$ cat protein17.cif   # mmCIF, C-alpha atoms
data_start
#
loop_
_atom_site.group_PDB
_atom_site.id
_atom_site.type_symbol
_atom_site.label_atom_id
_atom_site.label_comp_id
_atom_site.auth_asym_id
_atom_site.auth_seq_id
_atom_site.Cartn_x
_atom_site.Cartn_y
_atom_site.Cartn_z
ATOM 1 C CA MET B 1 -192.750 38.205 130.894
ATOM 2 C CA SER B 2 -194.288 35.143 132.513
ATOM 3 C CA ALA B 3 -197.593 33.807 131.253
ATOM 4 C CA ARG B 4 -199.300 34.799 134.498
ATOM 5 C CA LYS B 5 -198.019 38.394 134.369
ATOM 6 C CA TYR B 6 -198.873 38.607 130.684
ATOM 7 C CA HIS B 7 -202.424 37.412 131.330
ATOM 8 C CA SER B 8 -202.984 39.939 134.157
ATOM 9 C CA TYR B 9 -201.533 42.727 132.034
ATOM 10 C CA ARG B 10 -203.699 41.716 129.077
ATOM 11 C CA SER B 11 -206.866 41.593 131.232
ATOM 12 C CA ALA B 12 -206.188 45.084 132.595
ATOM 13 C CA VAL B 13 -205.665 46.445 129.087
ATOM 14 C CA VAL B 14 -208.848 44.781 127.830
ATOM 15 C CA ALA B 15 -210.856 46.181 130.761
ATOM 16 C CA ALA B 16 -209.413 49.668 130.324
ATOM 17 C CA THR B 17 -209.932 49.560 126.579
ATOM 18 C CA GLY B 18 -213.528 48.387 127.004
ATOM 19 C CA SER B 19 -214.281 51.253 129.429
ATOM 20 C CA ALA B 20 -212.693 53.759 127.103
ATOM 21 C CA CYS B 21 -214.723 52.472 124.152
ATOM 22 C CA VAL B 22 -217.982 52.814 126.109
ATOM 23 C CA LEU B 23 -217.083 56.391 127.095
ATOM 24 C CA ILE B 24 -216.033 57.327 123.565
ATOM 25 C CA ALA B 25 -219.229 55.864 122.132
ATOM 26 C CA ALA B 26 -221.325 57.756 124.671
ATOM 27 C CA ASN B 27 -219.355 60.951 124.089
ATOM 28 C CA GLY B 28 -219.763 60.655 120.341
ATOM 29 C CA CYS B 29 -223.557 60.977 120.734
ATOM 30 C CA ALA B 30 -223.413 64.249 122.677
ATOM 31 C CA SER B 31 -223.779 67.325 120.496
ATOM 32 C CA SER B 32 -222.153 69.865 122.806
ATOM 33 C CA GLY B 33 -219.014 67.821 123.499
ATOM 34 C CA SER B 34 -220.018 67.149 127.106
ATOM 35 C CA LEU B 35 -220.864 63.741 128.412
ATOM 36 C CA PRO B 36 -224.566 63.011 128.689
ATOM 37 C CA ALA B 37 -225.850 62.203 132.156
ATOM 38 C CA ALA B 38 -226.068 58.476 131.384
ATOM 39 C CA ALA B 39 -222.409 58.390 130.400
ATOM 40 C CA SER B 40 -221.308 59.923 133.682
ATOM 41 C CA THR B 41 -222.800 57.020 135.622
ATOM 42 C CA LEU B 42 -220.997 54.337 133.629
ATOM 43 C CA THR B 43 -218.694 52.052 135.522
ATOM 44 C CA PRO B 44 -215.717 50.233 134.056
ATOM 45 C CA VAL B 45 -216.518 46.901 132.485
ATOM 46 C CA SER B 46 -214.713 44.001 134.060
ATOM 47 C CA VAL B 47 -213.638 41.100 131.938
ATOM 48 C CA PRO B 48 -213.653 37.724 133.664
ATOM 49 C CA SER B 49 -210.168 36.314 133.710
ATOM 50 C CA THR B 50 -209.434 32.677 133.247
ATOM 51 C CA ALA B 51 -205.976 31.311 133.757
ATOM 52 C CA PRO B 52 -204.444 30.037 130.560
ATOM 53 C CA ALA B 53 -204.257 26.281 130.400
ATOM 54 C CA ARG B 54 -200.793 24.939 131.029
ATOM 55 C CA PRO B 55 -199.541 23.083 128.009
ATOM 56 C CA THR B 56 -199.275 19.362 128.481
ATOM 57 C CA PRO B 57 -195.636 18.306 128.295
ATOM 58 C CA PRO B 58 -194.825 15.941 125.467
ATOM 59 C CA ALA B 59 -194.783 12.269 126.295
ATOM 60 C CA ARG B 60 -191.498 10.714 127.329
ATOM 61 C CA LEU B 61 -189.709 8.906 124.566
ATOM 62 C CA THR B 62 -189.608 5.139 124.538
ATOM 63 C CA ILE B 63 -186.183 3.507 124.646
ATOM 64 C CA ALA B 64 -186.419 2.799 120.900
ATOM 65 C CA GLN B 65 -187.328 6.442 120.137
ATOM 66 C CA ALA B 66 -184.630 7.687 122.518
ATOM 67 C CA ARG B 67 -181.981 5.560 120.792
ATOM 68 C CA ILE B 68 -182.684 7.236 117.449
ATOM 69 C CA LYS B 69 -183.058 10.733 118.910
ATOM 70 C CA TYR B 70 -179.872 10.534 121.007
ATOM 71 C CA ARG B 71 -177.886 9.160 118.074
ATOM 72 C CA ASP B 72 -179.151 11.896 115.745
ATOM 73 C CA ILE B 73 -178.618 14.727 118.250
ATOM 74 C CA SER B 74 -175.100 13.463 119.042
ATOM 75 C CA ALA B 75 -173.921 12.994 115.443
ATOM 76 C CA PRO B 76 -172.745 16.607 114.769
ATOM 77 C CA TYR B 77 -170.863 16.836 118.067
ATOM 78 C CA ASN B 78 -169.303 13.399 117.593
ATOM 79 C CA ALA B 79 -168.122 14.488 114.129
ATOM 80 C CA ALA B 80 -166.576 17.654 115.632
ATOM 81 C CA VAL B 81 -164.770 15.600 118.302
ATOM 82 C CA THR B 82 -163.481 13.195 115.649
ATOM 83 C CA THR B 83 -162.073 16.171 113.712
ATOM 84 C CA ILE B 84 -160.333 17.555 116.814
ATOM 85 C CA ASN B 85 -158.884 14.139 117.613
ATOM 86 C CA THR B 86 -157.615 13.833 114.031
ATOM 87 C CA ASP B 87 -156.069 17.321 114.293
ATOM 88 C CA ALA B 88 -154.316 16.356 117.523
ATOM 89 C CA HIS B 89 -152.982 13.031 116.236
ATOM 90 C CA GLU B 90 -152.007 14.069 112.715
ATOM 91 C CA GLY B 91 -151.045 17.690 113.387
ATOM 92 C CA THR B 92 -152.523 20.838 111.929
ATOM 93 C CA THR B 93 -152.112 24.596 112.011
ATOM 94 C CA TRP B 94 -153.339 26.747 114.892
ATOM 95 C CA PRO B 95 -155.996 28.530 112.781
ATOM 96 C CA THR B 96 -157.438 25.176 111.685
ATOM 97 C CA PHE B 97 -157.343 23.703 115.191
ATOM 98 C CA LYS B 98 -158.910 26.836 116.673
ATOM 99 C CA ALA B 99 -161.697 26.785 114.072
ATOM 100 C CA ASP B 100 -162.303 23.086 114.776
ATOM 101 C CA LEU B 101 -162.507 23.805 118.521
ATOM 102 C CA GLN B 102 -165.013 26.596 117.850
ATOM 103 C CA THR B 103 -167.067 24.172 115.758
ATOM 104 C CA ALA B 104 -166.982 21.672 118.635
ATOM 105 C CA VAL B 105 -168.167 24.312 121.122
ATOM 106 C CA ALA B 106 -171.053 25.317 118.838
ATOM 107 C CA ALA B 107 -171.984 21.663 118.257
ATOM 108 C CA ASN B 108 -171.844 20.911 121.989
ATOM 109 C CA GLU B 109 -174.043 23.918 122.809
ATOM 110 C CA ALA B 110 -176.565 22.832 120.152
ATOM 111 C CA TRP B 111 -176.429 19.277 121.526
ATOM 112 C CA GLU B 112 -177.135 20.600 125.032
ATOM 113 C CA ARG B 113 -180.165 22.637 123.891
ATOM 114 C CA GLN B 114 -181.657 19.697 122.010
ATOM 115 C CA ILE B 115 -181.020 17.244 124.843
ATOM 116 C CA ARG B 116 -182.676 19.621 127.351
ATOM 117 C CA ALA B 117 -185.712 20.015 125.098
ATOM 118 C CA THR B 118 -186.380 16.275 124.997
ATOM 119 C CA ARG B 119 -188.288 14.183 127.560
ATOM 120 C CA TRP B 120 -186.117 11.116 127.895
ATOM 121 C CA PRO B 121 -187.206 7.726 129.253
ATOM 122 C CA LEU B 122 -186.969 7.511 133.034
ATOM 123 C CA ALA B 123 -184.281 4.849 132.636
ATOM 124 C CA ILE B 124 -181.830 7.509 131.396
ATOM 125 C CA GLN B 125 -183.279 10.829 132.615
ATOM 126 C CA SER B 126 -181.095 11.033 135.750
ATOM 127 C CA LEU B 127 -178.003 10.229 133.677
ATOM 128 C CA ILE B 128 -178.952 12.957 131.190
ATOM 129 C CA ASP B 129 -179.420 15.395 134.084
ATOM 130 C CA THR B 130 -175.959 14.526 135.435
ATOM 131 C CA MET B 131 -174.342 15.114 132.055
ATOM 132 C CA LEU B 132 -176.112 18.452 131.631
ATOM 133 C CA LYS B 133 -175.137 19.609 135.105
ATOM 134 C CA THR B 134 -171.464 18.680 135.174
ATOM 135 C CA GLU B 135 -169.955 17.027 132.129
ATOM 136 C CA ILE B 136 -171.233 19.210 129.301
ATOM 137 C CA PRO B 137 -170.293 22.515 130.979
ATOM 138 C CA ALA B 138 -166.824 21.049 131.624
ATOM 139 C CA GLU B 139 -166.422 19.991 127.982
ATOM 140 C CA ILE B 140 -167.421 23.438 126.743
ATOM 141 C CA SER B 141 -165.151 25.117 129.298
ATOM 142 C CA CYS B 142 -162.208 22.932 128.243
ATOM 143 C CA ASP B 143 -162.647 23.721 124.550
ATOM 144 C CA GLN B 144 -163.036 27.437 125.275
ATOM 145 C CA ALA B 145 -159.899 27.397 127.453
ATOM 146 C CA MET B 146 -157.957 25.728 124.641
ATOM 147 C CA ILE B 147 -159.219 28.382 122.206
ATOM 148 C CA SER B 148 -158.096 31.099 124.620
ATOM 149 C CA ALA B 149 -154.618 29.532 124.870
ATOM 150 C CA GLY B 150 -153.718 31.204 121.580
ATOM 151 C CA ASP B 151 -151.549 28.517 119.966
ATOM 152 C CA LEU B 152 -151.161 24.772 119.591
ATOM 153 C CA GLU B 153 -148.646 24.433 122.408
ATOM 154 C CA GLY B 154 -150.843 26.416 124.792
ATOM 155 C CA ALA B 155 -153.911 24.399 123.778
ATOM 156 C CA GLY B 156 -152.010 21.168 124.472
ATOM 157 C CA ALA B 157 -150.879 22.419 127.886
ATOM 158 C CA THR B 158 -154.433 23.498 128.694
ATOM 159 C CA PHE B 159 -155.785 20.095 127.690
ATOM 160 C CA ASN B 160 -153.270 18.363 129.956
ATOM 161 C CA ASP B 161 -153.552 20.724 132.952
ATOM 162 C CA ASP B 162 -157.061 22.229 133.059
ATOM 163 C CA PRO B 163 -159.373 20.253 135.406
ATOM 164 C CA SER B 164 -162.325 20.831 133.046
ATOM 165 C CA CYS B 165 -160.441 18.852 130.396
ATOM 166 C CA LYS B 166 -160.419 15.644 132.450
ATOM 167 C CA ASP B 167 -163.073 13.986 130.330
ATOM 168 C CA SER B 168 -165.071 11.149 131.791
ATOM 169 C CA PRO B 169 -167.304 9.450 129.256
ATOM 170 C CA ALA B 170 -168.718 7.092 131.912
ATOM 171 C CA THR B 171 -172.162 8.723 132.078
ATOM 172 C CA ALA B 172 -172.479 9.015 128.309
ATOM 173 C CA ASP B 173 -171.367 5.418 127.957
ATOM 174 C CA LYS B 174 -174.027 4.278 130.477
ATOM 175 C CA ILE B 175 -176.670 6.131 128.456
ATOM 176 C CA ARG B 176 -175.369 4.610 125.240
ATOM 177 C CA GLN B 177 -175.363 1.138 126.813
ATOM 178 C CA ILE B 178 -179.000 1.484 127.941
ATOM 179 C CA LEU B 179 -179.921 2.738 124.463
ATOM 180 C CA SER B 180 -177.926 -0.067 122.755
ATOM 181 C CA LEU B 181 -175.603 2.448 121.068
ATOM 182 C CA PRO B 182 -171.815 2.104 120.631
ATOM 183 C CA PRO B 183 -169.543 3.795 123.234
ATOM 184 C CA THR B 184 -168.660 7.477 122.927
ATOM 185 C CA VAL B 185 -166.140 8.769 120.443
ATOM 186 C CA GLY B 186 -162.691 8.602 122.023
#

$ encode --input "protein17.cif" --output "structure tokens"
Amino acid sequence: MSARKYHSYRSAVVAATGSACVLIAANGCASSGSLPAAASTLTPVSVPSTAPARPTPPARLTIAQARIKYRDISAPYNAAVTTINTDAHEGTTWPTFKADLQTAVAANEAWERQIRATRWPLAIQSLIDTMLKTEIPAEISCDQAMISAGDLEGAGATFNDDPSCKDSPATADKIRQILSLPPTVG
């Protein structure tokens, strides 16, 4: 429920509750159970409504703050990608590879939530927006398609053939360059 709808709903409940309380109090004084004449002329009490103040968004990070935040947010996903790359180069079993892909998907989804929740410096905000709109959904889609492949051979074929698996670290590398961080994990 939006804040505006909630506020209107709350005001109506408060007004109705206030009217009911006045009537109950007046009714409680009558000995015969009927409303006294004064109670029958009561009108509902209106409660003035004021719009709730919109919260002030947090300040944008400085480049120095963004460098630390981006590095820290990216660390779990980078570790998951390193594990998948090691699996692919050194070989592993399907259950292990599948579990590592699932870990990468979870880490990428957590990365996305944390990145969205942060106000980045204007110097990188448009690059962040581009990654969130195109690259991150593609990465997640690729990993999920490899999981759905059902075996190592199918995952390899998916990685080679699925358009969502055509990774382009260019945007991430631009962000990392602006933040004076090393290039993305390859």

$ atom_distance --input "protein17.cif" --atom1 "atom CA of B:Gly150" --atom2 "atom CA of B:Trp111"
25.7 Å

$ closest_atom_pairs --input "protein17.cif" --of "stretch 133-177 of chain B" --to "stretch 62-81 of chain B" --cutoff "12 Å" --atoms "all atoms listed in the file" --output "tab-separated table"
residue	atom	partner	partner_atom	distance
B:Ile136	CA	B:Tyr77	CA	11.5
B:Glu139	CA	B:Val81	CA	10.8
B:Ile140	CA	B:Tyr77	CA	11.4
B:Asp143	CA	B:Val81	CA	10.5
B:Ala172	CA	B:Tyr70	CA	10.5
B:Ile175	CA	B:Tyr70	CA	9.2
B:Arg176	CA	B:Arg67	CA	8.0
B:Gln177	CA	B:Arg67	CA	10.0

$ resolve_selection --input "protein17.cif" --expression "the PyMOL selection byres ((chain B and resi 91-95) around 12)" --output "mmCIF file with C-alpha atoms, keeping the file's coordinate frame"
data_model
loop_
_atom_site.group_PDB
_atom_site.id
_atom_site.type_symbol
_atom_site.label_atom_id
_atom_site.label_comp_id
_atom_site.auth_asym_id
_atom_site.auth_seq_id
_atom_site.Cartn_x
_atom_site.Cartn_y
_atom_site.Cartn_z
ATOM 1 C CA THR B 83 -162.073 16.171 113.712
ATOM 2 C CA ILE B 84 -160.333 17.555 116.814
ATOM 3 C CA ASN B 85 -158.884 14.139 117.613
ATOM 4 C CA THR B 86 -157.615 13.833 114.031
ATOM 5 C CA ASP B 87 -156.069 17.321 114.293
ATOM 6 C CA ALA B 88 -154.316 16.356 117.523
ATOM 7 C CA HIS B 89 -152.982 13.031 116.236
ATOM 8 C CA GLU B 90 -152.007 14.069 112.715
ATOM 9 C CA THR B 96 -157.438 25.176 111.685
ATOM 10 C CA PHE B 97 -157.343 23.703 115.191
ATOM 11 C CA LYS B 98 -158.910 26.836 116.673
ATOM 12 C CA ALA B 99 -161.697 26.785 114.072
ATOM 13 C CA ASP B 100 -162.303 23.086 114.776
ATOM 14 C CA LEU B 101 -162.507 23.805 118.521
ATOM 15 C CA GLN B 102 -165.013 26.596 117.850
ATOM 16 C CA MET B 146 -157.957 25.728 124.641
ATOM 17 C CA ILE B 147 -159.219 28.382 122.206
ATOM 18 C CA SER B 148 -158.096 31.099 124.620
ATOM 19 C CA ALA B 149 -154.618 29.532 124.870
ATOM 20 C CA GLY B 150 -153.718 31.204 121.580
ATOM 21 C CA ASP B 151 -151.549 28.517 119.966
ATOM 22 C CA LEU B 152 -151.161 24.772 119.591
ATOM 23 C CA GLU B 153 -148.646 24.433 122.408
ATOM 24 C CA GLY B 154 -150.843 26.416 124.792
ATOM 25 C CA ALA B 155 -153.911 24.399 123.778
ATOM 26 C CA GLY B 156 -152.010 21.168 124.472
#

$ atom_distance --input "protein17.cif" --atom1 "atom CA of B:Asp129" --atom2 "atom CA of B:Ala53"
27.4 Å

$ closest_residue --input "protein17.cif" --among "B:Val185, B:Ile128, B:Ala145, B:Leu179" --to "B:Val105" --atoms "all atoms listed in the file"
B:Ala145

$ atom_distance --input "protein17.cif" --atom1 "atom CA of B:Pro163" --atom2 "atom CA of B:Pro183"
22.9 Å

$ resolve_selection --input "protein17.cif" --expression "the PyMOL selection byres ((chain B and resi 171) around 10)" --output "PDB file with C-alpha atoms, in the coordinates of the input"
ATOM      1  CA  ILE B 124    -181.830   7.509 131.396  1.00  0.00           C
ATOM      2  CA  SER B 126    -181.095  11.033 135.750  1.00  0.00           C
ATOM      3  CA  LEU B 127    -178.003  10.229 133.677  1.00  0.00           C
ATOM      4  CA  ILE B 128    -178.952  12.957 131.190  1.00  0.00           C
ATOM      5  CA  THR B 130    -175.959  14.526 135.435  1.00  0.00           C
ATOM      6  CA  MET B 131    -174.342  15.114 132.055  1.00  0.00           C
ATOM      7  CA  GLU B 135    -169.955  17.027 132.129  1.00  0.00           C
ATOM      8  CA  SER B 168    -165.071  11.149 131.791  1.00  0.00           C
ATOM      9  CA  PRO B 169    -167.304   9.450 129.256  1.00  0.00           C
ATOM     10  CA  ALA B 170    -168.718   7.092 131.912  1.00  0.00           C
ATOM     11  CA  ALA B 172    -172.479   9.015 128.309  1.00  0.00           C
ATOM     12  CA  ASP B 173    -171.367   5.418 127.957  1.00  0.00           C
ATOM     13  CA  LYS B 174    -174.027   4.278 130.477  1.00  0.00           C
ATOM     14  CA  ILE B 175    -176.670   6.131 128.456  1.00  0.00           C
ATOM     15  CA  ARG B 176    -175.369   4.610 125.240  1.00  0.00           C
ATOM     16  CA  GLN B 177    -175.363   1.138 126.813  1.00  0.00           C
ATOM     17  CA  THR B 184    -168.660   7.477 122.927  1.00  0.00           C
TER      18      THR B 184
END

$ closest_residue --input "protein17.cif" --among "B:Arg54, B:Arg60, B:Ala138, B:Pro182" --to "B:Gln125" --atoms "only C-alpha atoms"
B:Arg60

$ closest_residue --input "protein17.cif" --among "B:Asn160, B:Leu132, B:Arg116, B:Thr103" --to "B:Gln144" --atoms "only C-alpha atoms"
B:Thr103

$ decode --input "protein17.cif" --residues "stretch 54-133 of chain B" --atoms "C-alpha atoms" --output "PDB file, in the first residue's frame"
ATOM      1  CA  ARG B  54       9.012  12.453   2.097  1.00  0.00           C
ATOM      2  CA  PRO B  55      12.239  11.034   3.402  1.00  0.00           C
ATOM      3  CA  THR B  56      15.318  12.809   2.175  1.00  0.00           C
ATOM      4  CA  PRO B  57      17.362  10.469  -0.002  1.00  0.00           C
ATOM      5  CA  PRO B  58      20.819   9.712   1.313  1.00  0.00           C
ATOM      6  CA  ALA B  59      23.641  11.793  -0.055  1.00  0.00           C
ATOM      7  CA  ARG B  60      25.500  10.504  -3.081  1.00  0.00           C
ATOM      8  CA  LEU B  61      28.734   8.770  -2.284  1.00  0.00           C
ATOM      9  CA  THR B  62      32.014  10.469  -3.028  1.00  0.00           C
ATOM     10  CA  ILE B  63      34.368   8.695  -5.420  1.00  0.00           C
ATOM     11  CA  ALA B  64      36.480   7.534  -2.457  1.00  0.00           C
ATOM     12  CA  GLN B  65      33.403   6.153  -0.639  1.00  0.00           C
ATOM     13  CA  ALA B  66      32.118   4.582  -3.861  1.00  0.00           C
ATOM     14  CA  ARG B  67      35.441   2.812  -4.444  1.00  0.00           C
ATOM     15  CA  ILE B  68      35.199   1.053  -1.078  1.00  0.00           C
ATOM     16  CA  LYS B  69      31.470   0.330  -1.357  1.00  0.00           C
ATOM     17  CA  TYR B  70      31.687  -1.052  -4.911  1.00  0.00           C
ATOM     18  CA  ARG B  71      34.677  -3.217  -4.011  1.00  0.00           C
ATOM     19  CA  ASP B  72      32.934  -4.599  -0.920  1.00  0.00           C
ATOM     20  CA  ILE B  73      29.603  -5.226  -2.677  1.00  0.00           C
ATOM     21  CA  SER B  74      31.381  -6.938  -5.594  1.00  0.00           C
ATOM     22  CA  ALA B  75      33.637  -9.219  -3.528  1.00  0.00           C
ATOM     23  CA  PRO B  76      31.155 -12.127  -3.004  1.00  0.00           C
ATOM     24  CA  TYR B  77      30.121 -12.186  -6.664  1.00  0.00           C
ATOM     25  CA  ASN B  78      33.729 -11.951  -7.846  1.00  0.00           C
ATOM     26  CA  ALA B  79      34.589 -14.912  -5.595  1.00  0.00           C
ATOM     27  CA  ALA B  80      31.686 -16.914  -7.091  1.00  0.00           C
ATOM     28  CA  VAL B  81      32.857 -16.113 -10.640  1.00  0.00           C
ATOM     29  CA  THR B  82      36.413 -17.136  -9.749  1.00  0.00           C
ATOM     30  CA  THR B  83      35.076 -20.482  -8.482  1.00  0.00           C
ATOM     31  CA  ILE B  84      33.090 -21.070 -11.688  1.00  0.00           C
ATOM     32  CA  ASN B  85      36.115 -20.189 -13.807  1.00  0.00           C
ATOM     33  CA  THR B  86      38.250 -22.609 -11.776  1.00  0.00           C
ATOM     34  CA  ASP B  87      35.590 -25.319 -12.231  1.00  0.00           C
ATOM     35  CA  ALA B  88      35.574 -24.744 -15.986  1.00  0.00           C
ATOM     36  CA  HIS B  89      39.361 -24.754 -16.373  1.00  0.00           C
ATOM     37  CA  GLU B  90      40.229 -27.561 -13.967  1.00  0.00           C
ATOM     38  CA  GLY B  91      37.114 -29.708 -14.379  1.00  0.00           C
ATOM     39  CA  THR B  92      34.589 -30.734 -11.773  1.00  0.00           C
ATOM     40  CA  THR B  93      31.442 -32.792 -11.371  1.00  0.00           C
ATOM     41  CA  TRP B  94      28.027 -31.594 -12.527  1.00  0.00           C
ATOM     42  CA  PRO B  95      26.607 -31.371  -8.973  1.00  0.00           C
ATOM     43  CA  THR B  96      29.531 -29.177  -7.895  1.00  0.00           C
ATOM     44  CA  PHE B  97      29.355 -26.980 -10.997  1.00  0.00           C
ATOM     45  CA  LYS B  98      25.583 -26.617 -10.664  1.00  0.00           C
ATOM     46  CA  ALA B  99      25.908 -25.644  -6.991  1.00  0.00           C
ATOM     47  CA  ASP B 100      28.617 -23.114  -7.889  1.00  0.00           C
ATOM     48  CA  LEU B 101      26.369 -21.625 -10.592  1.00  0.00           C
ATOM     49  CA  GLN B 102      23.521 -21.350  -8.074  1.00  0.00           C
ATOM     50  CA  THR B 103      25.886 -19.579  -5.679  1.00  0.00           C
ATOM     51  CA  ALA B 104      26.853 -17.169  -8.470  1.00  0.00           C
ATOM     52  CA  VAL B 105      23.195 -16.412  -9.247  1.00  0.00           C
ATOM     53  CA  ALA B 106      22.450 -15.723  -5.569  1.00  0.00           C
ATOM     54  CA  ALA B 107      25.565 -13.543  -5.252  1.00  0.00           C
ATOM     55  CA  ASN B 108      24.686 -11.623  -8.423  1.00  0.00           C
ATOM     56  CA  GLU B 109      21.118 -11.015  -7.222  1.00  0.00           C
ATOM     57  CA  ALA B 110      22.433  -9.778  -3.855  1.00  0.00           C
ATOM     58  CA  TRP B 111      24.953  -7.579  -5.688  1.00  0.00           C
ATOM     59  CA  GLU B 112      22.139  -6.103  -7.795  1.00  0.00           C
ATOM     60  CA  ARG B 113      19.984  -5.283  -4.742  1.00  0.00           C
ATOM     61  CA  GLN B 114      22.869  -3.599  -2.938  1.00  0.00           C
ATOM     62  CA  ILE B 115      23.974  -1.650  -6.008  1.00  0.00           C
ATOM     63  CA  ARG B 116      20.396  -0.400  -6.576  1.00  0.00           C
ATOM     64  CA  ALA B 117      20.120   0.705  -2.950  1.00  0.00           C
ATOM     65  CA  THR B 118      23.184   2.942  -3.183  1.00  0.00           C
ATOM     66  CA  ARG B 119      23.353   6.528  -4.486  1.00  0.00           C
ATOM     67  CA  TRP B 120      26.481   6.487  -6.594  1.00  0.00           C
ATOM     68  CA  PRO B 121      28.509   9.530  -7.668  1.00  0.00           C
ATOM     69  CA  LEU B 122      27.177  11.144 -10.834  1.00  0.00           C
ATOM     70  CA  ALA B 123      30.415  10.192 -12.589  1.00  0.00           C
ATOM     71  CA  ILE B 124      29.360   6.517 -12.541  1.00  0.00           C
ATOM     72  CA  GLN B 125      25.573   6.584 -12.034  1.00  0.00           C
ATOM     73  CA  SER B 126      24.717   6.235 -15.746  1.00  0.00           C
ATOM     74  CA  LEU B 127      27.177   3.345 -16.066  1.00  0.00           C
ATOM     75  CA  ILE B 128      25.599   1.657 -13.035  1.00  0.00           C
ATOM     76  CA  ASP B 129      22.152   2.149 -14.589  1.00  0.00           C
ATOM     77  CA  THR B 130      23.340   0.544 -17.841  1.00  0.00           C
ATOM     78  CA  MET B 131      24.722  -2.474 -16.004  1.00  0.00           C
ATOM     79  CA  LEU B 132      21.515  -2.905 -14.009  1.00  0.00           C
ATOM     80  CA  LYS B 133      19.346  -2.640 -17.105  1.00  0.00           C
TER      81      LYS B 133
END
